[in-house]
Each structure stands twice: as structure tokens, then as C-alpha cells.
Amino acid sequence: MSRILTALQPSGILHIGNYFGAIAPMVSLQDGNENFLFAVDYHAITVPQDPAELRKNLLFAAATYLAAGIDPEKTTLFQQSRVSEHTELAWILNTIAHMGELERMTQYKDKAAGKGEGVSVGLFDYPVLMAADILLYDTEIVPVGEDQKQHLELARDLAERFNNRFGDTFTVPKPSIPKQGARIMGLDDPAKKMSKSASSEKNFISLMDDEKTVLKKIKSAVTDSGTTIEYTKDRPGLANLLTIYSLASEKSTDAIVAEYEGKGYGDFKVGLAEALSDFLSPLQEKINAHLDDPKELIAILDKGAEKAKAIASEKMRIVRDRIGVTL
Ligand code: ATP
Ligand code: LTN
């Protein structure tokens, strides 16, 4: 039995990268472990959010986790802002985190690029709040996509630094990065990860895309001038599509390659779009069913927040004592 924890930003749509990189791995670890999953609303506001949209997105996030197979009896499901210990611990960790290590974070560099002096302090400090999210619960395993590896490294460093300075307090967490799906690439640019903040909608497949949209986006996905369907690193666009096909259909890439022997991109893309829609439409039905009952969603999140708060407040009592502010 291990403590498993992950979190996602409730910042609009979720895409298949989020699903295969973090949500599905979390669901598969659920049995036999002690699990925490939450929507990081205080991370989301590091870039401007419309309050009404944010409220909607929080419910959508909860509906999506449940539709994906998160069982609130097995996983504590909540929203970050309801457990104020996250921001409290983040402040304390701020005092041991170094400017230099935050300046090196590639997500910060990417998101701050071109924004000049107008970048929020919150965006810079984002990884410290993430470390607090993880350390507060003595998390052992954190299922995340490849892009979060560097943030996890920081969480480990901060845990060790705190433990060295104030005595053994935090468990040092480990990332769990899936073998397949850890880095789904953008459909319009296979050199960059699929991202919901991409400038073009053609970059990603949203979990809510309908059949027509999926087909259109897959048809316009960047590939190469090759004529065969094969899995090779030299053809990154095709390799990415084969990975998505494999994850959506639960067939191996070898089986898919064999299926398309003698056929070209046209047939392959139609088959992939079909497999994706077959995977997405039952998920969408479940998401919509949960969204039809917002009271139930709120009740689940309330209960989760209460359970999380009990653990977090006990941990903070110890942390305050260790740093010497408890009289
Ligand atoms: P964006 O897609 O805008 O860059 P993000 O990565 O900040 O957003 P989150 O919702 O915070 O998105 O990410 C949730 C989880 O999804 C994280 O574990 C992250 O590693 C994972 N993830 C995000 N993009 C991908 C991707 N393209 N492939 C695999 N996993 C991904
Ligand atoms: N930084 C992550 C989201 C995140 C997270 C966490 C993931 C915030 N807190 C704790 C795992 C554990 C992201 O941008 N994807």
C-alpha cells in the first residue's frame, strides 16, 4: 500500500495528453493504495482566469475524473483551495527554495517567454506550491506526464533540504511516468508536447471533441512524405499518431502497423479517428451525466476536502513545531 497523489489544473478543457499521461495512470494505481487527486485551482490562477469559467472548469474536472474511473471511496477527490494548508506550506517552503532553482524550470521559462516584466510572481513560484501539494500528504508516488519530472525533482530536493535542516519530516516522493503516453506530442507540431495552451486548436484532441472535429483534426495532423505505416523515431508525427492509436484502441503499435500493411496515411488516419471517437464517446456520455448533477459533484468534493484537511492540518502542526513557531 502506497500513498499516491496527483493533481491537474482546472484551466479549461482537458486533452488526451492529460488523460493518458496522468488521469489513466492514476486510475490504474487506485486499487490497493491510498490515493489523492485534486484540481489545483490556485495553480490555475497563476495565469488570468475568468471566475465564472473557473467555477465551470472545476465541476468539469471533477466530472472527468469520475467518468475516467476515479472512485471517491478509494480516492480522496477535492479542490486544492479548500485545504488552506497547501498555501501555508508553500510559504514555508518558499523560505528554503532558491531563486536559481526556480529560474531553471523549463515550464516557467516557456510560459513566461515573451511576457516580459508582466509575468506573475505566482507563475514563478508555481513549482513550490506543487511541492507543498505533494509533501503535505507524505506522498510516495506521483503519477505525472514527462513534462513534470523537473518539478518533481524540486519537490524531492525541498523535502530533503527541509529534513536535513529541521529533522525527518517529509517523505521524499518519486514520480511515476507511464511507459506509453508520457509525452503525447502536438498534432500540428510533433516536436512539442500536446498542450491546452497551444495557440491552435489543431494542436490537441480535447476529451470533449465530437466525431467530426476528431476526424478533421487527425486529417490535418502533421506527418511526413512517407507512404508506409511504421513505428520509427525518424518519423515523429507518425510515431505520435501510432501511440495515440494504441492508447485509444488498447492494441499494440505492432498490431496496428500490421493492420495497415500495404495501406497509406488516408486509411490510417480514418482508422485512428474512428478509434479515438470510439474511446471518447462513452467517456463524454459519462462526463455529461456527472455534469447534470452538480450537487452530487459538490458533495463529493466537500467530503474529499474534509478528509484531505484532516491529514494536512496534522502535518502542518508538525511542520510549525519543527520550524519553531509553536510556543
Ligand atoms: P498545458 O497542456 O497547457 O501545458 P499543463 O501541462 O500545465 O497544461 P495540467 O492540467 O497541469 O496541464 O497537467 C496535468 C497532467 O497532464 C500533468 O501530469 C502533465 O504531466 C500531464 N500532461 C500534460 N500534457 C501532456 C502531454 N502532452 N502528454 C502526456 N501528459 C501530459
Ligand atoms: N504542475 C502540474 C500540476 C500539479 C501537480 C501537483 C501534479 C500541481 N500540483 C501535485 C502532481 C502533483 C502541471 O502543471 N501539470
# chains A, B, ... in the order shown; residues from 1 in each chain; ligands from 1

$ residues_near_ligand --ligand "ligand 1" --cutoff "10 Å" --atoms "only C-alpha atoms and all ligand atoms" --output "number ranges by chain"
A: 6-23, 25-26, 39-40, 43-44, 61, 107, 110-111, 142-149, 151, 175-178, 180-186, 192-198, 203-204

$ residues_around --residues "Phe279 of chain A" --least-positions-apart "6" --cutoff "10 Å" --atoms "only C-alpha atoms" --output "list in words"
Leu207, Leu247, Ala248, Ser249, Glu250 and Ala273 of chain A

$ residues_around --residues "His98 of chain A" --least-positions-apart "3" --cutoff "12 Å" --atoms "only C-alpha atoms" --output "MDAnalysis selection string"
chainID A and resid 93:95 101:105 124:125 127:128 154 157:158 161

$ write_last_selection --atoms "N, CA, C and O atoms" --output "mmCIF file, in the first residue's frame"
data_model
loop_
_atom_site.group_PDB
_atom_site.id
_atom_site.type_symbol
_atom_site.label_atom_id
_atom_site.label_comp_id
_atom_site.auth_asym_id
_atom_site.auth_seq_id
_atom_site.Cartn_x
_atom_site.Cartn_y
_atom_site.Cartn_z
ATOM 1 N N LEU A 93 7.996 26.578 2.463
ATOM 2 C CA LEU A 93 8.960 26.024 1.500
ATOM 3 C C LEU A 93 9.619 27.136 0.683
ATOM 4 O O LEU A 93 10.773 27.012 0.266
ATOM 5 N N ASN A 94 8.887 28.235 0.479
ATOM 6 C CA ASN A 94 9.478 29.396 -0.215
ATOM 7 C C ASN A 94 10.741 29.884 0.474
ATOM 8 O O ASN A 94 11.640 30.426 -0.168
ATOM 9 N N THR A 95 10.762 29.722 1.788
ATOM 10 C CA THR A 95 11.904 30.256 2.533
ATOM 11 C C THR A 95 13.131 29.359 2.424
ATOM 12 O O THR A 95 14.222 29.761 2.824
ATOM 13 N N GLU A 101 17.069 27.800 -8.529
ATOM 14 C CA GLU A 101 16.431 26.540 -8.949
ATOM 15 C C GLU A 101 15.075 26.790 -9.604
ATOM 16 O O GLU A 101 14.670 26.055 -10.496
ATOM 17 N N LEU A 102 14.390 27.855 -9.201
ATOM 18 C CA LEU A 102 13.108 28.168 -9.856
ATOM 19 C C LEU A 102 13.336 28.794 -11.234
ATOM 20 O O LEU A 102 12.577 28.559 -12.167
ATOM 21 N N GLU A 103 14.398 29.577 -11.339
ATOM 22 C CA GLU A 103 14.710 30.200 -12.638
ATOM 23 C C GLU A 103 15.046 29.162 -13.709
ATOM 24 O O GLU A 103 14.893 29.400 -14.888
ATOM 25 N N ARG A 104 15.488 27.990 -13.261
ATOM 26 C CA ARG A 104 15.865 26.929 -14.221
ATOM 27 C C ARG A 104 14.673 26.109 -14.727
ATOM 28 O O ARG A 104 14.819 25.300 -15.621
ATOM 29 N N MET A 105 13.490 26.303 -14.155
ATOM 30 C CA MET A 105 12.336 25.463 -14.502
ATOM 31 C C MET A 105 11.880 25.726 -15.943
ATOM 32 O O MET A 105 11.526 26.864 -16.287
ATOM 33 N N PHE A 124 6.075 32.146 -11.291
ATOM 34 C CA PHE A 124 7.447 31.815 -10.918
ATOM 35 C C PHE A 124 7.475 30.811 -9.761
ATOM 36 O O PHE A 124 8.250 29.865 -9.730
ATOM 37 N N ASP A 125 6.557 31.027 -8.826
ATOM 38 C CA ASP A 125 6.538 30.247 -7.589
ATOM 39 C C ASP A 125 5.733 28.944 -7.703
ATOM 40 O O ASP A 125 5.704 28.142 -6.769
ATOM 41 N N PRO A 127 6.097 25.975 -8.929
ATOM 42 C CA PRO A 127 6.623 24.668 -8.517
ATOM 43 C C PRO A 127 6.724 24.488 -7.001
ATOM 44 O O PRO A 127 6.719 23.353 -6.513
ATOM 45 N N VAL A 128 6.815 25.597 -6.248
ATOM 46 C CA VAL A 128 6.909 25.473 -4.787
ATOM 47 C C VAL A 128 5.542 25.084 -4.217
ATOM 48 O O VAL A 128 5.447 24.235 -3.320
ATOM 49 N N LEU A 154 12.354 19.037 -7.931
ATOM 50 C CA LEU A 154 12.378 20.145 -6.960
ATOM 51 C C LEU A 154 11.680 19.727 -5.668
ATOM 52 O O LEU A 154 12.173 20.011 -4.565
ATOM 53 N N ASP A 157 14.043 17.669 -3.767
ATOM 54 C CA ASP A 157 15.130 18.478 -3.192
ATOM 55 C C ASP A 157 14.647 19.263 -1.972
ATOM 56 O O ASP A 157 15.350 19.350 -0.960
ATOM 57 N N LEU A 158 13.442 19.839 -2.070
ATOM 58 C CA LEU A 158 12.928 20.630 -0.944
ATOM 59 C C LEU A 158 12.637 19.734 0.260
ATOM 60 O O LEU A 158 12.888 20.126 1.408
ATOM 61 N N ARG A 161 16.015 18.960 1.778
ATOM 62 C CA ARG A 161 16.595 20.151 2.410
ATOM 63 C C ARG A 161 15.909 20.433 3.747
ATOM 64 O O ARG A 161 16.559 20.706 4.754
#

$ atom_distance --atom1 "atom CA of Ile134 of chain A" --atom2 "atom CA of Arg317 of chain A"
16.5 Å

$ residues_around --residues "Thr253 of chain A" --least-positions-apart "2" --cutoff "9 Å" --atoms "only C-alpha atoms" --output "list in words"
Glu230, Tyr231, Leu242, Thr243, Tyr245, Ser246, Lys251, Ala255, Ile256, Val257 and Ala258 of chain A

$ write_last_selection --atoms "C-alpha atoms" --output "CSV table (one decimal), in the first residue's frame"
chain,number,residue,atom,x,y,z
A,230,GLU,CA,5.6,2.0,-39.5
A,231,TYR,CA,6.8,2.9,-36.0
A,242,LEU,CA,0.5,5.4,-33.6
A,243,THR,CA,1.0,5.9,-29.9
A,245,TYR,CA,-4.0,4.9,-31.8
A,246,SER,CA,-2.5,2.3,-29.5
A,251,LYS,CA,-3.9,-2.5,-29.3
A,255,ALA,CA,-0.7,-4.9,-34.2
A,256,ILE,CA,-1.7,-1.6,-35.7
A,257,VAL,CA,1.3,-1.5,-38.0
A,258,ALA,CA,0.4,-5.0,-39.2

$ closest_residue --among "A:Ser206, A:Ser281, A:Thr139, A:Asn288" --to "ligand 2" --atoms "only C-alpha atoms and all ligand atoms"
A:Thr139

$ closest_residue --among "A:Gln49, A:Thr64, A:Thr75, A:Gln150" --to "ligand 2" --atoms "only C-alpha atoms and all ligand atoms"
A:Gln150

$ closest_residue --among "A:Glu88, A:Asp31, A:Asp168, A:Glu259" --to "Pro72 of chain A" --atoms "only C-alpha atoms"
A:Asp31

$ decode --residues "segment 190-221 of chain A" --atoms "N, CA, C and O atoms" --output "mmCIF file, in the first residue's frame"
data_model
loop_
_atom_site.group_PDB
_atom_site.id
_atom_site.type_symbol
_atom_site.label_atom_id
_atom_site.label_comp_id
_atom_site.auth_asym_id
_atom_site.auth_seq_id
_atom_site.Cartn_x
_atom_site.Cartn_y
_atom_site.Cartn_z
ATOM 1 N N PRO A 190 4.870 17.931 -34.018
ATOM 2 C CA PRO A 190 5.300 16.759 -33.241
ATOM 3 C C PRO A 190 6.607 16.960 -32.476
ATOM 4 O O PRO A 190 7.068 16.046 -31.804
ATOM 5 N N ALA A 191 7.168 18.186 -32.531
ATOM 6 C CA ALA A 191 8.387 18.437 -31.766
ATOM 7 C C ALA A 191 8.054 18.974 -30.373
ATOM 8 O O ALA A 191 8.914 19.039 -29.501
ATOM 9 N N LYS A 192 6.784 19.368 -30.167
ATOM 10 C CA LYS A 192 6.385 19.937 -28.862
ATOM 11 C C LYS A 192 5.251 19.126 -28.273
ATOM 12 O O LYS A 192 4.428 18.584 -29.018
ATOM 13 N N LYS A 193 5.145 19.113 -26.925
ATOM 14 C CA LYS A 193 4.081 18.312 -26.309
ATOM 15 C C LYS A 193 2.703 18.902 -26.600
ATOM 16 O O LYS A 193 2.565 20.121 -26.773
ATOM 17 N N MET A 194 1.706 18.025 -26.684
ATOM 18 C CA MET A 194 0.325 18.481 -26.834
ATOM 19 C C MET A 194 0.009 19.351 -25.623
ATOM 20 O O MET A 194 0.335 18.983 -24.493
ATOM 21 N N SER A 195 -0.619 20.510 -25.852
ATOM 22 C CA SER A 195 -0.821 21.434 -24.748
ATOM 23 C C SER A 195 -2.127 22.195 -24.908
ATOM 24 O O SER A 195 -2.468 22.626 -26.015
ATOM 25 N N LYS A 196 -2.838 22.363 -23.777
ATOM 26 C CA LYS A 196 -4.107 23.089 -23.896
ATOM 27 C C LYS A 196 -3.880 24.574 -24.077
ATOM 28 O O LYS A 196 -4.783 25.301 -24.465
ATOM 29 N N SER A 197 -2.661 25.036 -23.776
ATOM 30 C CA SER A 197 -2.394 26.452 -24.007
ATOM 31 C C SER A 197 -1.775 26.702 -25.390
ATOM 32 O O SER A 197 -1.288 27.793 -25.652
ATOM 33 N N ALA A 198 -1.814 25.691 -26.254
ATOM 34 C CA ALA A 198 -1.288 25.863 -27.617
ATOM 35 C C ALA A 198 -2.092 26.930 -28.356
ATOM 36 O O ALA A 198 -3.274 27.134 -28.065
ATOM 37 N N SER A 199 -1.441 27.594 -29.310
ATOM 38 C CA SER A 199 -2.140 28.690 -29.982
ATOM 39 C C SER A 199 -3.193 28.183 -30.968
ATOM 40 O O SER A 199 -4.173 28.869 -31.248
ATOM 41 N N SER A 200 -3.034 26.962 -31.492
ATOM 42 C CA SER A 200 -4.012 26.452 -32.447
ATOM 43 C C SER A 200 -4.790 25.275 -31.861
ATOM 44 O O SER A 200 -4.215 24.401 -31.206
ATOM 45 N N GLU A 201 -6.097 25.250 -32.114
ATOM 46 C CA GLU A 201 -6.957 24.143 -31.674
ATOM 47 C C GLU A 201 -6.550 22.839 -32.344
ATOM 48 O O GLU A 201 -6.900 21.759 -31.879
ATOM 49 N N LYS A 202 -5.837 22.974 -33.471
ATOM 50 C CA LYS A 202 -5.415 21.772 -34.209
ATOM 51 C C LYS A 202 -4.266 21.063 -33.508
ATOM 52 O O LYS A 202 -3.799 20.030 -33.949
ATOM 53 N N ASN A 203 -3.790 21.657 -32.411
ATOM 54 C CA ASN A 203 -2.691 21.050 -31.657
ATOM 55 C C ASN A 203 -3.147 19.825 -30.878
ATOM 56 O O ASN A 203 -2.391 18.884 -30.691
ATOM 57 N N PHE A 204 -4.398 19.858 -30.391
ATOM 58 C CA PHE A 204 -4.810 18.825 -29.425
ATOM 59 C C PHE A 204 -6.164 18.210 -29.758
ATOM 60 O O PHE A 204 -6.956 18.801 -30.485
ATOM 61 N N ILE A 205 -6.387 17.030 -29.196
ATOM 62 C CA ILE A 205 -7.722 16.431 -29.213
ATOM 63 C C ILE A 205 -8.259 16.613 -27.797
ATOM 64 O O ILE A 205 -7.698 16.086 -26.834
ATOM 65 N N SER A 206 -9.325 17.398 -27.692
ATOM 66 C CA SER A 206 -9.950 17.593 -26.387
ATOM 67 C C SER A 206 -10.781 16.361 -26.050
ATOM 68 O O SER A 206 -11.263 15.667 -26.946
ATOM 69 N N LEU A 207 -10.943 16.102 -24.758
ATOM 70 C CA LEU A 207 -11.778 14.959 -24.348
ATOM 71 C C LEU A 207 -13.218 15.160 -24.790
ATOM 72 O O LEU A 207 -13.989 14.206 -24.841
ATOM 73 N N MET A 208 -13.612 16.401 -25.115
ATOM 74 C CA MET A 208 -14.995 16.682 -25.489
ATOM 75 C C MET A 208 -15.182 16.861 -27.002
ATOM 76 O O MET A 208 -16.282 17.182 -27.456
ATOM 77 N N ASP A 209 -14.138 16.645 -27.791
ATOM 78 C CA ASP A 209 -14.270 16.792 -29.251
ATOM 79 C C ASP A 209 -15.238 15.751 -29.819
ATOM 80 O O ASP A 209 -15.170 14.574 -29.451
ATOM 81 N N ASP A 210 -16.132 16.204 -30.733
ATOM 82 C CA ASP A 210 -17.054 15.243 -31.351
ATOM 83 C C ASP A 210 -16.380 14.561 -32.540
ATOM 84 O O ASP A 210 -15.266 14.935 -32.945
ATOM 85 N N GLU A 211 -17.099 13.576 -33.105
ATOM 86 C CA GLU A 211 -16.540 12.728 -34.152
ATOM 87 C C GLU A 211 -15.992 13.541 -35.339
ATOM 88 O O GLU A 211 -14.895 13.284 -35.828
ATOM 89 N N LYS A 212 -16.794 14.554 -35.750
ATOM 90 C CA LYS A 212 -16.408 15.360 -36.912
ATOM 91 C C LYS A 212 -15.116 16.141 -36.643
ATOM 92 O O LYS A 212 -14.225 16.216 -37.482
ATOM 93 N N THR A 213 -15.057 16.713 -35.457
ATOM 94 C CA THR A 213 -13.872 17.509 -35.081
ATOM 95 C C THR A 213 -12.638 16.613 -34.996
ATOM 96 O O THR A 213 -11.555 16.997 -35.459
ATOM 97 N N VAL A 214 -12.812 15.424 -34.396
ATOM 98 C CA VAL A 214 -11.678 14.500 -34.273
ATOM 99 C C VAL A 214 -11.142 14.159 -35.662
ATOM 100 O O VAL A 214 -9.936 14.252 -35.916
ATOM 101 N N LEU A 215 -12.057 13.820 -36.573
ATOM 102 C CA LEU A 215 -11.635 13.440 -37.935
ATOM 103 C C LEU A 215 -10.893 14.604 -38.605
ATOM 104 O O LEU A 215 -9.833 14.424 -39.206
ATOM 105 N N LYS A 216 -11.455 15.808 -38.458
ATOM 106 C CA LYS A 216 -10.840 16.983 -39.078
ATOM 107 C C LYS A 216 -9.431 17.229 -38.521
ATOM 108 O O LYS A 216 -8.485 17.463 -39.269
ATOM 109 N N LYS A 217 -9.310 17.140 -37.199
ATOM 110 C CA LYS A 217 -8.003 17.406 -36.579
ATOM 111 C C LYS A 217 -6.985 16.325 -36.954
ATOM 112 O O LYS A 217 -5.817 16.635 -37.202
ATOM 113 N N ILE A 218 -7.427 15.057 -36.971
ATOM 114 C CA ILE A 218 -6.497 13.971 -37.309
ATOM 115 C C ILE A 218 -6.059 14.097 -38.774
ATOM 116 O O ILE A 218 -4.888 13.914 -39.109
ATOM 117 N N LYS A 219 -7.032 14.439 -39.636
ATOM 118 C CA LYS A 219 -6.681 14.578 -41.055
ATOM 119 C C LYS A 219 -5.645 15.680 -41.263
ATOM 120 O O LYS A 219 -4.811 15.597 -42.156
ATOM 121 N N SER A 220 -5.711 16.729 -40.444
ATOM 122 C CA SER A 220 -4.744 17.812 -40.650
ATOM 123 C C SER A 220 -3.468 17.622 -39.825
ATOM 124 O O SER A 220 -2.577 18.482 -39.850
ATOM 125 N N ALA A 221 -3.371 16.514 -39.087
ATOM 126 C CA ALA A 221 -2.161 16.286 -38.269
ATOM 127 C C ALA A 221 -0.917 16.201 -39.164
ATOM 128 O O ALA A 221 -0.949 15.586 -40.227
#
